[in-house]
file data16.txt (compact mmCIF, C-alpha atoms and all ligand atoms)
# COMPACT_ATOMS: atom_id res chain seq x y z
CA MET A 1 0.00 0.00 0.00
CA SER A 2 1.35 3.46 -0.92
CA ALA A 3 1.29 6.23 1.63
CA ILE A 4 0.11 8.68 -1.05
CA ARG A 5 -1.42 7.96 -4.44
CA LEU A 6 -2.73 10.59 -6.84
CA ASN A 7 -4.31 9.48 -10.07
CA GLY A 8 -5.35 11.95 -12.77
CA VAL A 9 -5.83 14.73 -10.23
CA CYS A 10 -7.12 18.08 -11.51
CA LYS A 11 -7.54 21.33 -9.59
CA GLY A 12 -8.41 24.80 -10.80
CA PHE A 13 -9.42 28.14 -9.36
CA GLY A 14 -11.81 30.88 -10.50
CA ASP A 15 -15.30 30.79 -12.01
CA GLY A 16 -16.51 30.79 -15.59
CA ALA A 17 -14.19 32.45 -18.07
CA ARG A 18 -11.73 33.21 -15.25
CA HIS A 19 -11.31 29.53 -14.41
CA ARG A 20 -7.70 28.34 -14.59
CA ARG A 21 -6.59 24.76 -14.17
CA VAL A 22 -3.48 24.74 -11.99
CA ILE A 23 -3.09 20.97 -11.62
CA ASP A 24 -3.92 19.05 -14.77
CA ASP A 25 -4.15 15.24 -14.82
CA PHE A 26 -1.39 14.81 -12.23
CA SER A 27 -0.39 11.37 -10.95
CA LEU A 28 2.13 10.45 -8.27
CA GLU A 29 2.73 7.56 -5.92
CA VAL A 30 4.86 7.82 -2.77
CA ALA A 31 5.69 4.74 -0.72
CA ALA A 32 6.04 4.68 3.06
CA GLY A 33 9.55 5.82 3.96
CA GLU A 34 10.10 7.40 0.54
CA SER A 35 10.86 11.08 -0.09
CA VAL A 36 9.89 13.22 -3.08
CA ALA A 37 10.94 16.79 -3.89
CA LEU A 38 8.40 18.92 -5.78
CA CYS A 39 10.26 21.50 -7.84
CA GLY A 40 9.16 24.10 -10.35
CA PRO A 41 8.76 27.86 -10.71
CA SER A 42 6.52 30.00 -8.50
CA GLY A 43 2.93 29.52 -9.53
CA SER A 44 3.48 26.02 -10.94
CA GLY A 45 1.19 24.51 -8.31
CA LYS A 46 3.51 23.10 -5.63
CA SER A 47 1.55 24.51 -2.69
CA THR A 48 -1.74 23.56 -4.33
CA LEU A 49 -0.57 19.95 -4.62
CA LEU A 50 0.51 19.85 -0.97
CA ASN A 51 -2.83 21.37 0.07
CA LEU A 52 -4.65 18.69 -1.93
CA MET A 53 -2.57 15.93 -0.33
CA ALA A 54 -3.30 17.39 3.11
CA GLY A 55 -7.02 17.41 2.35
CA LEU A 56 -7.12 21.17 2.91
CA VAL A 57 -8.78 21.65 -0.48
CA PRO A 58 -10.82 19.11 -2.46
CA VAL A 59 -9.77 17.74 -5.87
CA ASP A 60 -11.92 18.71 -8.88
CA ALA A 61 -11.33 15.36 -10.57
CA GLY A 62 -9.20 12.25 -10.16
CA THR A 63 -8.50 10.20 -7.06
CA LEU A 64 -6.24 10.95 -4.10
CA ILE A 65 -5.63 8.14 -1.65
CA LEU A 66 -3.76 8.31 1.65
CA GLY A 67 -2.61 5.20 3.46
CA HIS A 68 -3.04 5.40 7.24
CA ASP A 69 -3.28 2.69 9.88
CA GLY A 70 -3.13 -0.08 7.28
CA ARG A 71 -6.14 1.31 5.37
CA SER A 72 -6.55 3.34 2.20
CA HIS A 73 -8.56 6.55 2.55
CA ASP A 74 -9.88 8.08 -0.65
CA LEU A 75 -9.81 11.84 0.00
CA SER A 76 -11.74 12.46 -3.22
CA ARG A 77 -14.73 10.71 -1.61
CA LEU A 78 -14.55 12.40 1.80
CA GLY A 79 -16.27 15.59 2.91
CA GLU A 80 -14.46 18.44 4.55
CA SER A 81 -14.90 17.32 8.16
CA GLU A 82 -13.76 13.78 7.35
CA ARG A 83 -10.73 15.14 5.52
CA THR A 84 -9.93 17.31 8.55
CA ALA A 85 -10.16 14.33 10.89
CA LEU A 86 -7.90 12.26 8.63
CA ARG A 87 -5.41 15.12 8.29
CA ARG A 88 -5.09 15.44 12.08
CA ARG A 89 -4.19 11.79 12.39
CA ALA A 90 -2.28 11.02 9.21
CA VAL A 91 -0.53 14.20 8.08
CA GLY A 92 2.22 16.42 9.49
CA TYR A 93 2.69 19.80 7.80
CA VAL A 94 5.77 22.05 7.89
CA PHE A 95 5.34 25.64 6.67
CA GLN A 96 7.84 28.12 5.23
CA PHE A 97 7.25 30.61 8.06
CA PHE A 98 7.34 28.09 10.94
CA ASN A 99 3.90 29.16 12.34
CA LEU A 100 4.82 28.52 15.98
CA VAL A 101 2.54 29.95 18.68
CA PRO A 102 4.52 32.93 20.07
CA THR A 103 3.01 32.75 23.57
CA LEU A 104 3.93 29.09 24.08
CA THR A 105 7.35 27.63 24.89
CA VAL A 106 9.14 25.20 22.58
CA LEU A 107 7.89 22.17 24.50
CA GLU A 108 4.36 23.60 24.77
CA ASN A 109 4.26 24.26 21.01
CA VAL A 110 4.86 20.56 20.45
CA ALA A 111 2.76 19.27 23.35
CA LEU A 112 -0.40 21.35 22.72
CA PRO A 113 -1.41 19.74 19.41
CA LEU A 114 -0.74 16.32 20.95
CA ALA A 115 -3.04 17.16 23.87
CA LEU A 116 -5.74 18.45 21.48
CA ASN A 117 -5.52 15.15 19.59
CA ARG A 118 -5.75 13.14 22.84
CA LEU A 119 -2.19 11.95 22.28
CA GLY A 120 -0.72 13.38 25.47
CA GLN A 121 0.98 10.01 26.07
CA ARG A 122 3.34 10.80 23.17
CA VAL A 123 4.83 13.92 24.84
CA PRO A 124 7.88 12.01 26.17
CA GLU A 125 8.78 10.84 22.62
CA ALA A 126 8.21 14.37 21.31
CA ARG A 127 10.57 15.67 23.96
CA GLN A 128 13.19 13.10 22.93
CA ARG A 129 12.77 14.20 19.31
CA LEU A 130 13.36 17.83 20.32
CA GLU A 131 16.52 16.69 22.12
CA ALA A 132 17.65 14.68 19.06
CA LEU A 133 17.10 17.83 16.98
CA GLY A 134 19.52 19.72 19.22
CA LEU A 135 16.85 21.66 21.12
CA GLY A 136 17.22 19.96 24.50
CA ASP A 137 18.39 23.15 26.19
CA ARG A 138 15.69 25.30 24.48
CA LEU A 139 12.57 23.48 25.72
CA ASP A 140 11.45 26.40 27.92
CA ALA A 141 12.41 29.15 25.44
CA TYR A 142 9.82 31.14 23.48
CA PRO A 143 9.94 31.14 19.65
CA GLU A 144 11.14 34.75 19.39
CA MET A 145 14.27 33.81 21.36
CA LEU A 146 15.25 31.21 18.74
CA SER A 147 17.02 31.50 15.38
CA GLY A 148 15.02 30.73 12.24
CA GLY A 149 16.72 27.36 11.94
CA GLU A 150 15.85 26.48 15.54
CA GLN A 151 12.23 27.58 15.06
CA GLN A 152 11.91 25.39 12.00
CA ARG A 153 13.36 22.39 13.87
CA VAL A 154 10.69 22.97 16.56
CA ALA A 155 8.07 23.09 13.79
CA ILE A 156 9.42 19.76 12.46
CA ALA A 157 9.17 18.21 15.93
CA ARG A 158 5.59 19.51 16.15
CA ALA A 159 4.65 18.17 12.70
CA LEU A 160 6.06 14.73 13.53
CA ALA A 161 4.87 14.46 17.15
CA HIS A 162 1.78 12.38 16.30
CA GLU A 163 3.96 10.14 14.10
CA PRO A 164 2.06 10.79 10.87
CA ALA A 165 2.28 8.41 7.90
CA ILE A 166 2.63 11.45 5.64
CA VAL A 167 4.86 14.49 6.10
CA LEU A 168 4.35 17.50 3.81
CA ALA A 169 6.69 20.50 3.81
CA ASP A 170 6.11 23.69 1.80
CA GLU A 171 9.43 25.43 1.12
CA PRO A 172 10.65 24.59 4.63
CA THR A 173 14.02 26.29 4.06
CA GLY A 174 12.67 29.19 1.98
CA ASN A 175 13.17 31.64 4.82
CA LEU A 176 16.60 30.43 6.01
CA ASP A 177 20.23 31.11 5.10
CA ALA A 178 22.34 28.32 3.57
CA ARG A 179 23.73 26.97 6.85
CA HIS A 180 20.38 26.81 8.66
CA SER A 181 18.81 25.46 5.50
CA GLU A 182 21.20 22.48 5.55
CA GLU A 183 20.51 21.83 9.24
CA VAL A 184 16.75 21.95 8.77
CA ALA A 185 16.74 19.78 5.62
CA GLN A 186 18.96 17.22 7.34
CA ALA A 187 16.60 17.13 10.34
CA LEU A 188 13.45 16.85 8.23
CA PHE A 189 14.67 14.00 6.01
CA ALA A 190 16.29 12.10 8.90
CA GLU A 191 13.25 12.29 11.18
CA ALA A 192 10.77 11.37 8.43
CA ARG A 193 12.97 8.39 7.51
CA ARG A 194 13.24 7.34 11.13
CA LEU A 195 9.43 7.28 11.43
CA GLY A 196 9.04 5.50 8.07
CA SER A 197 6.80 8.34 6.88
CA ALA A 198 6.36 9.36 3.26
CA LEU A 199 7.83 12.84 2.78
CA VAL A 200 6.89 15.36 0.08
CA VAL A 201 8.86 18.61 0.08
CA ALA A 202 8.15 21.59 -2.18
CA THR A 203 11.40 23.45 -2.64
CA HIS A 204 13.36 25.87 -4.80
CA SER A 205 16.64 24.66 -3.30
CA ALA A 206 18.69 22.20 -5.36
CA ALA A 207 20.53 21.16 -2.18
CA VAL A 208 17.25 20.24 -0.49
CA ALA A 209 15.86 18.50 -3.59
CA GLU A 210 19.01 16.36 -3.89
CA ARG A 211 18.27 14.77 -0.54
CA ALA A 212 15.03 13.29 -1.86
CA ASP A 213 14.75 9.81 -3.35
CA ARG A 214 12.97 11.35 -6.35
CA ILE A 215 12.49 14.79 -7.88
CA VAL A 216 9.21 15.69 -9.57
CA GLU A 217 9.39 18.80 -11.73
CA LEU A 218 6.19 20.82 -12.22
CA VAL A 219 5.87 22.96 -15.31
CA GLN A 220 3.76 26.08 -15.50
N1 LIG A 301 -7.10 29.73 -3.35
C1 LIG A 301 -6.71 30.14 -4.58
N2 LIG A 301 -7.53 30.91 -5.32
C2 LIG A 301 -7.19 31.30 -6.56
N3 LIG A 301 -6.01 30.99 -7.15
C3 LIG A 301 -5.16 30.22 -6.47
C4 LIG A 301 -5.46 29.75 -5.15
N4 LIG A 301 -4.42 29.00 -4.71
C5 LIG A 301 -3.51 29.00 -5.71
N5 LIG A 301 -3.95 29.74 -6.76
C6 LIG A 301 -3.23 29.94 -8.03
O1 LIG A 301 -2.74 28.72 -8.47
C7 LIG A 301 -1.46 28.85 -9.05
C8 LIG A 301 -0.46 27.95 -8.37
O2 LIG A 301 -0.21 28.44 -7.07
P1 LIG A 301 0.65 27.67 -6.00
O3 LIG A 301 0.12 26.30 -5.85
O4 LIG A 301 0.70 28.54 -4.80
O5 LIG A 301 2.07 27.58 -6.74
P2 LIG A 301 3.54 27.44 -6.13
O6 LIG A 301 3.42 26.95 -4.73
O7 LIG A 301 4.23 26.48 -7.05
O8 LIG A 301 4.16 28.81 -6.19
C9 LIG A 301 -1.10 30.33 -8.96
O9 LIG A 301 -1.42 30.94 -10.18
C10 LIG A 301 -2.02 30.82 -7.87
O10 LIG A 301 -2.33 32.17 -8.05
MG MG A 302 4.06 27.70 -2.94

call {"tool": "encode", "arguments": {"input": "data16.txt", "output": "structure tokens"}}
result
Amino acid sequence: MSAIRLNGVCKGFGDGARHRRVIDDFSLEVAAGESVALCGPSGSGKSTLLNLMAGLVPVDAGTLILGHDGRSHDLSRLGESERTALRRRAVGYVFQFFNLVPTLTVLENVALPLALNRLGQRVPEARQRLEALGLGDRLDAYPEMLSGGEQQRVAIARALAHEPAIVLADEPTGNLDARHSEEVAQALFAEARRLGSALVVATHSAAVAERADRIVELVQ
């Protein structure tokens, strides 16, 4: 069973004459433990594809199947609330701008979503992951006290805390300098591999893309 399978997926925006198809008959299969880099110019549909895979937006046509808990879930047949429930359990999402909660500490940023998902028992593992990511002495710090690279490693720990089958990252190093970019990419690929999760990373960085098992180039 694949972790992610898209078959003939189409997605467009706008009504009537203004309608534009952004994703046209797109197919992709990602196995558990495999990593894929999505490359292509701005506007080629990288974020749209990640949002489709996360169930944040519905497909217009085609099928999109996520593997979770030994079962296949066809997102194209689920309504919004079912997609949301599946996303909470099966997907971890890393954003370009980290999106940490500024009023919570590092450990709280990771523990809160676990508590909300009734997965408070996983906090010790999440704490170990933060330590493995070099943040052991930053657990009580607030996001604004951290460098961009540190904030993104916290965001990775948060995205992986519920041990999702699918990890999606949208230009995770787009806001970082070369050194922090390396650190963050290394952390993301290593932790996803350790969990056996499928990883899809949208990126403009050749250095990040080279870490992936496969590169998929989108054209505009
Ligand atoms: N919610 C939306 N409404 C209208 N147009 C959108 C929406 N989301 C994305 N688009 C359009 O779809 C195209 C692809 O965008 P996007 O997926 O963000 O590309 P990328 O991430 O590769 O830069 C762009 O032309 C963008 O303007
Ligand atoms: Mg984008």

call {"tool": "closest_residue", "arguments": {"input": "data16.txt", "among": "A:Arg118, A:Arg127, A:Arg5, A:Lys46", "to": "ligand MG 302 (chain A)", "atoms": "only C-alpha atoms and all ligand atoms"}}
result
A:Lys46

call {"tool": "residues_around", "arguments": {"input": "data16.txt", "residues": "region 51-61 of chain A", "least_positions_apart": "4", "cutoff": "6 Å", "atoms": "all atoms listed in the file", "output": "compact mmCIF listing (two decimals) with C-alpha atoms, in the frame of the given file"}}
result
# COMPACT_ATOMS: atom_id res chain seq x y z
CA VAL A 9 -5.83 14.73 -10.23
CA CYS A 10 -7.12 18.08 -11.51
CA LYS A 11 -7.54 21.33 -9.59
CA ARG A 83 -10.73 15.14 5.52

call {"tool": "residues_around", "arguments": {"input": "data16.txt", "residues": "region 97-113 of chain A", "least_positions_apart": "6", "cutoff": "7 Å", "atoms": "all atoms listed in the file", "output": "list in words"}}
result
Val123, Arg138, Leu139, Asp140, Ala141, Tyr142, Pro143, Glu144, Gln151, Gln152, Val154, Ala155, Ala157, Arg158, Ala161 and Asn175 of chain A

call {"tool": "atom_distance", "arguments": {"input": "data16.txt", "atom1": "atom O1 of ligand LIG 301 (chain A)", "atom2": "CA of Asp15 (chain A)"}}
result
13.2 Å

call {"tool": "closest_residue", "arguments": {"input": "data16.txt", "among": "A:Arg89, A:His204, A:His73, A:Arg179", "to": "ligand LIG 301 (chain A)", "atoms": "only C-alpha atoms and all ligand atoms"}}
result
A:His204

call {"tool": "closest_residue", "arguments": {"input": "data16.txt", "among": "A:Gly149, A:Gly40, A:Gly120, A:Gly14", "to": "ligand MG 302 (chain A)", "atoms": "all atoms listed in the file"}}
result
A:Gly40

call {"tool": "atom_distance", "arguments": {"input": "data16.txt", "atom1": "atom O4 of ligand LIG 301 (chain A)", "atom2": "CA of Arg77 (chain A)"}}
result
23.8 Å

call {"tool": "residues_around", "arguments": {"input": "data16.txt", "residues": "region 182-196 of chain A", "least_positions_apart": "5", "cutoff": "8 Å", "atoms": "all atoms listed in the file", "output": "VMD selection string"}}
result
chain A and resid 32 to 35 133 149 152 to 153 156 160 163 165 167 172 to 173 207 to 208 211 to 212

call {"tool": "residues_near_ligand", "arguments": {"input": "data16.txt", "ligand": "ligand MG 302 (chain A)", "cutoff": "7 Å", "atoms": "only C-alpha atoms and all ligand atoms", "output": "ChimeraX atom specification"}}
result
/A:42-43,45-47,170

call {"tool": "atom_distance", "arguments": {"input": "data16.txt", "atom1": "CA of Ala85 (chain A)", "atom2": "CA of Pro124 (chain A)"}}
result
23.8 Å
